[in-house]
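Here the structure is laid out as structure tokens; the discussion comes afterwards.
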Amino acid sequence: MRLREFRFPGDYPAALDLWQRSGPGVHVGPSDTREEIARKVERDPDLFLVAEREGRLVGTVIGGFDGRRGMVYHLAVDPAERQRGLGRQLMDEVEQRLRNKGCYKAYLLVMDGNAAVEFYKNLGWEEMAVTLLGKVLR
């Protein structure tokens with residue numbers, strides 16, 4: 001198994017399939033179209049990572065850095081590959097890459113009721129009492 005940077009457009013179909021099979025923990029929405037993913041790759045190519053086993057995409061994580069704070073999106077591991085440390089490897093790598101960019105603090109969003117909260121806590125992430133607001137801009 002190896003980690004590498006996402007290759008657009010070649011990895012897109014397999015990544016989208018993985019996200020759709022990952023259950024409610026990975027929300028697939030308007031930000032996940034080919035066009036939006038192409039924009040994301042253009043902005044932060046070194047923070048969009050995949051895990052590959054025997055030529056098959058089995059994990060993803062997307063990081064973002066705006067120069068001030070980091071974000072982590074779409075940590076997804078193929079159901080057949082779970083509980084083997086792959087999620088931890090992906091998170092460790094994206095966190096290190098954020099650190100290398102000078103990122104002081106990073107955030108991630110987890111839907112209410114998602115069991116992954118405990119996974120993230122075990123990696124040192126802390127719950128924050130915040131209200132999240134959103135607005136569609138286009």
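Every chain in the structure tokens takes a letter, A first, then B, and so on in the order presented; its residues are numbered from 1, and the ligands are numbered from 1 following the presented order.
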Checklist entry - Can you tell me, as a PyMOL selection string, what residues are no more than 10 Å from Ala38 of chain A when counting only C-alpha atoms, ignoring any on the same chain fewer than 6 positions away? => result chain A and resi 7-9+12+32+45
Contacts of segment 118-130 of chain A within 10 Å, only C-alpha atoms, excl. fewer than 2 positions in-chain, as a compact mmCIF listing (two decimals) with C-alpha atoms, in the first residue's frame:
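Final output, around_6.txt:
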```
# COMPACT_ATOMS: atom_id res chain seq x y z
CA GLY A 87 -7.11 6.17 8.03
CA ARG A 88 -4.44 7.03 10.59
CA MET A 91 -4.40 11.69 8.55
CA ASP A 92 -0.77 11.64 9.72
CA ALA A 106 -6.49 22.65 11.43
CA TYR A 107 -10.17 21.83 11.56
CA LEU A 108 -12.40 19.09 10.26
CA LEU A 109 -16.15 18.73 10.16
CA VAL A 110 -17.91 15.58 11.32
CA ASN A 114 -20.81 9.89 13.20
CA ALA A 115 -18.84 7.22 15.07
CA ALA A 116 -15.64 8.60 13.50
CA LEU A 132 -21.51 26.04 11.82
CA LEU A 133 -23.24 28.23 9.28
```
Checklist entry - Which neighbours of segment 68-78 of chain A fall inside 7 Å, counting only C-alpha atoms, when residues of the same chain fewer than 2 positions from it are skipped, and could you give them as a PyMOL selection string? => result chain A and resi 18-19+22+26+58-66+80-82+87+98+103-108
Selection from above, N, CA and C atoms, as a PDB file, in the first residue's frame, can you write it?
```
ATOM      1  N   LEU A  18     -15.514   5.677  -4.209  1.00  0.00           N
ATOM      2  CA  LEU A  18     -15.168   5.414  -2.814  1.00  0.00           C
ATOM      3  C   LEU A  18     -15.978   6.302  -1.880  1.00  0.00           C
ATOM      4  N   TRP A  19     -16.065   7.592  -2.190  1.00  0.00           N
ATOM      5  CA  TRP A  19     -16.827   8.501  -1.335  1.00  0.00           C
ATOM      6  C   TRP A  19     -18.291   8.069  -1.253  1.00  0.00           C
ATOM      7  N   SER A  22     -18.766   5.139   1.080  1.00  0.00           N
ATOM      8  CA  SER A  22     -18.231   5.300   2.433  1.00  0.00           C
ATOM      9  C   SER A  22     -19.293   5.530   3.496  1.00  0.00           C
ATOM     10  N   VAL A  26     -19.130  10.534   4.770  1.00  0.00           N
ATOM     11  CA  VAL A  26     -18.568  11.340   3.681  1.00  0.00           C
ATOM     12  C   VAL A  26     -19.733  11.850   2.848  1.00  0.00           C
ATOM     13  N   VAL A  58      -7.857   2.924  -2.513  1.00  0.00           N
ATOM     14  CA  VAL A  58      -8.542   2.397  -1.335  1.00  0.00           C
ATOM     15  C   VAL A  58      -8.714   3.432  -0.223  1.00  0.00           C
ATOM     16  N   GLY A  59      -8.223   4.650  -0.441  1.00  0.00           N
ATOM     17  CA  GLY A  59      -8.384   5.681   0.576  1.00  0.00           C
ATOM     18  C   GLY A  59      -8.116   7.061   0.010  1.00  0.00           C
ATOM     19  N   THR A  60      -8.734   8.066   0.625  1.00  0.00           N
ATOM     20  CA  THR A  60      -8.494   9.462   0.244  1.00  0.00           C
ATOM     21  C   THR A  60      -8.510  10.340   1.485  1.00  0.00           C
ATOM     22  N   VAL A  61      -7.857  11.465   1.372  1.00  0.00           N
ATOM     23  CA  VAL A  61      -8.021  12.558   2.318  1.00  0.00           C
ATOM     24  C   VAL A  61      -7.706  13.834   1.548  1.00  0.00           C
ATOM     25  N   ILE A  62      -8.474  14.867   1.831  1.00  0.00           N
ATOM     26  CA  ILE A  62      -8.264  16.157   1.180  1.00  0.00           C
ATOM     27  C   ILE A  62      -7.943  17.176   2.264  1.00  0.00           C
ATOM     28  N   GLY A  63      -6.834  17.857   2.092  1.00  0.00           N
ATOM     29  CA  GLY A  63      -6.475  18.934   2.998  1.00  0.00           C
ATOM     30  C   GLY A  63      -6.590  20.266   2.283  1.00  0.00           C
ATOM     31  N   GLY A  64      -6.769  21.304   3.045  1.00  0.00           N
ATOM     32  CA  GLY A  64      -6.788  22.650   2.496  1.00  0.00           C
ATOM     33  C   GLY A  64      -6.050  23.588   3.432  1.00  0.00           C
ATOM     34  N   PHE A  65      -5.411  24.602   2.878  1.00  0.00           N
ATOM     35  CA  PHE A  65      -4.709  25.592   3.692  1.00  0.00           C
ATOM     36  C   PHE A  65      -4.862  26.948   3.036  1.00  0.00           C
ATOM     37  N   ASP A  66      -5.399  27.905   3.791  1.00  0.00           N
ATOM     38  CA  ASP A  66      -5.637  29.245   3.246  1.00  0.00           C
ATOM     39  C   ASP A  66      -4.553  30.237   3.648  1.00  0.00           C
ATOM     40  N   ALA A  80     -13.517  -2.539   2.913  1.00  0.00           N
ATOM     41  CA  ALA A  80     -12.728  -3.773   3.028  1.00  0.00           C
ATOM     42  C   ALA A  80     -11.335  -3.526   3.602  1.00  0.00           C
ATOM     43  N   GLU A  81     -10.918  -2.270   3.678  1.00  0.00           N
ATOM     44  CA  GLU A  81      -9.572  -1.919   4.153  1.00  0.00           C
ATOM     45  C   GLU A  81      -9.577  -1.278   5.541  1.00  0.00           C
ATOM     46  N   ARG A  82     -10.738  -1.165   6.147  1.00  0.00           N
ATOM     47  CA  ARG A  82     -10.834  -0.471   7.436  1.00  0.00           C
ATOM     48  C   ARG A  82     -10.240  -1.297   8.574  1.00  0.00           C
ATOM     49  N   GLY A  87      -6.574   4.845   7.716  1.00  0.00           N
ATOM     50  CA  GLY A  87      -7.107   6.170   8.026  1.00  0.00           C
ATOM     51  C   GLY A  87      -6.108   6.988   8.827  1.00  0.00           C
ATOM     52  N   LEU A  98       0.403  19.801   6.198  1.00  0.00           N
ATOM     53  CA  LEU A  98      -0.099  21.093   6.672  1.00  0.00           C
ATOM     54  C   LEU A  98       0.947  21.780   7.556  1.00  0.00           C
ATOM     55  N   CYS A 103       1.123  25.688   8.848  1.00  0.00           N
ATOM     56  CA  CYS A 103      -0.218  25.701   9.427  1.00  0.00           C
ATOM     57  C   CYS A 103      -0.133  25.512  10.943  1.00  0.00           C
ATOM     58  N   TYR A 104      -0.748  26.427  11.685  1.00  0.00           N
ATOM     59  CA  TYR A 104      -0.759  26.360  13.145  1.00  0.00           C
ATOM     60  C   TYR A 104      -1.872  25.443  13.661  1.00  0.00           C
ATOM     61  N   LYS A 105      -3.055  25.556  13.079  1.00  0.00           N
ATOM     62  CA  LYS A 105      -4.207  24.788  13.558  1.00  0.00           C
ATOM     63  C   LYS A 105      -5.052  24.361  12.376  1.00  0.00           C
ATOM     64  N   ALA A 106      -5.620  23.166  12.494  1.00  0.00           N
ATOM     65  CA  ALA A 106      -6.491  22.652  11.433  1.00  0.00           C
ATOM     66  C   ALA A 106      -7.829  22.236  12.034  1.00  0.00           C
ATOM     67  N   TYR A 107      -8.818  22.203  11.179  1.00  0.00           N
ATOM     68  CA  TYR A 107     -10.174  21.825  11.564  1.00  0.00           C
ATOM     69  C   TYR A 107     -10.683  20.741  10.629  1.00  0.00           C
ATOM     70  N   LEU A 108     -11.653  19.999  11.119  1.00  0.00           N
ATOM     71  CA  LEU A 108     -12.401  19.089  10.255  1.00  0.00           C
ATOM     72  C   LEU A 108     -13.835  19.068  10.739  1.00  0.00           C
TER      73      LEU A 108
END
```
Next on the checklist: Please extract the residues of chain A with a backbone DSSP assignment of strand (DSSP E or B) and present them as an MDAnalysis selection string.
Outcome noted: chainID A and resid 2:5 48:53 56:65 70:77 106:108
Please produce a file of the residues just selected, as an mmCIF file, in the first residue's frame, where the atoms kept are C-alpha atoms.
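Contents of part_27.cif, freshly written:
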```cif
data_model
loop_
_atom_site.group_PDB
_atom_site.id
_atom_site.type_symbol
_atom_site.label_atom_id
_atom_site.label_comp_id
_atom_site.auth_asym_id
_atom_site.auth_seq_id
_atom_site.Cartn_x
_atom_site.Cartn_y
_atom_site.Cartn_z
ATOM 1 C CA ARG A 2 1.329 3.437 -0.854
ATOM 2 C CA LEU A 3 0.234 7.025 -0.359
ATOM 3 C CA ARG A 4 0.533 9.486 -3.215
ATOM 4 C CA GLU A 5 -0.957 12.705 -4.486
ATOM 5 C CA PHE A 48 -5.074 15.860 -1.860
ATOM 6 C CA LEU A 49 -3.859 12.355 -1.104
ATOM 7 C CA VAL A 50 -4.873 8.842 -2.030
ATOM 8 C CA ALA A 51 -3.925 5.403 -0.778
ATOM 9 C CA GLU A 52 -3.386 2.774 -3.421
ATOM 10 C CA ARG A 53 -3.131 -0.991 -3.018
ATOM 11 C CA ARG A 56 -6.632 0.159 -6.677
ATOM 12 C CA LEU A 57 -7.600 3.382 -4.904
ATOM 13 C CA VAL A 58 -8.542 2.397 -1.335
ATOM 14 C CA GLY A 59 -8.384 5.681 0.576
ATOM 15 C CA THR A 60 -8.494 9.462 0.244
ATOM 16 C CA VAL A 61 -8.021 12.558 2.318
ATOM 17 C CA ILE A 62 -8.264 16.157 1.180
ATOM 18 C CA GLY A 63 -6.475 18.934 2.998
ATOM 19 C CA GLY A 64 -6.788 22.650 2.496
ATOM 20 C CA PHE A 65 -4.709 25.592 3.692
ATOM 21 C CA GLY A 70 -6.022 24.162 7.672
ATOM 22 C CA MET A 71 -9.049 22.032 6.875
ATOM 23 C CA VAL A 72 -9.421 18.305 6.357
ATOM 24 C CA TYR A 73 -12.153 16.855 4.155
ATOM 25 C CA HIS A 74 -13.180 13.496 2.773
ATOM 26 C CA LEU A 75 -11.141 11.053 4.784
ATOM 27 C CA ALA A 76 -12.475 7.866 3.249
ATOM 28 C CA VAL A 77 -11.231 4.294 3.473
ATOM 29 C CA ALA A 106 -6.491 22.652 11.433
ATOM 30 C CA TYR A 107 -10.174 21.825 11.564
ATOM 31 C CA LEU A 108 -12.401 19.089 10.255
#
```
Item to check | Every residue of segment 17-132 of chain A that DSSP places in alpha helix (DSSP H), as an MDAnalysis selection string | outcome: chainID A and resid 17:21 34:43 86:100 116:122
Item to check | Nearest candidate to Leu137 of chain A (options A:Gly10, A:Gly67, A:Pro30, A:Gly102; using only C-alpha atoms) | outcome: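 Smallest distance to Leu137 of chain A is found for A:Pro30.
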Checklist entry - Could you state the separation of atom CA of Arg84 of chain A and atom CA of Asp11 of chain A in Å, given to one decimal place? => result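 Atom CA of Asp11 of chain A lies 22.4 Å from atom CA of Arg84 of chain A.
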Next on the checklist: Ranking A:Pro24, A:Glu93, A:Gly29, A:Phe6 by minimum distance to Glu42 of chain A and counting only C-alpha atoms, which one comes first?
Outcome noted: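 Once distances to Glu42 of chain A are computed over only C-alpha atoms, the minimum belongs to A:Phe6.
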Checklist entry - Which of these, A:Met1, A:Leu16, A:Arg97, A:Val117, has the shortest distance to Thr33 of chain A once you count only C-alpha atoms? => result A:Leu16
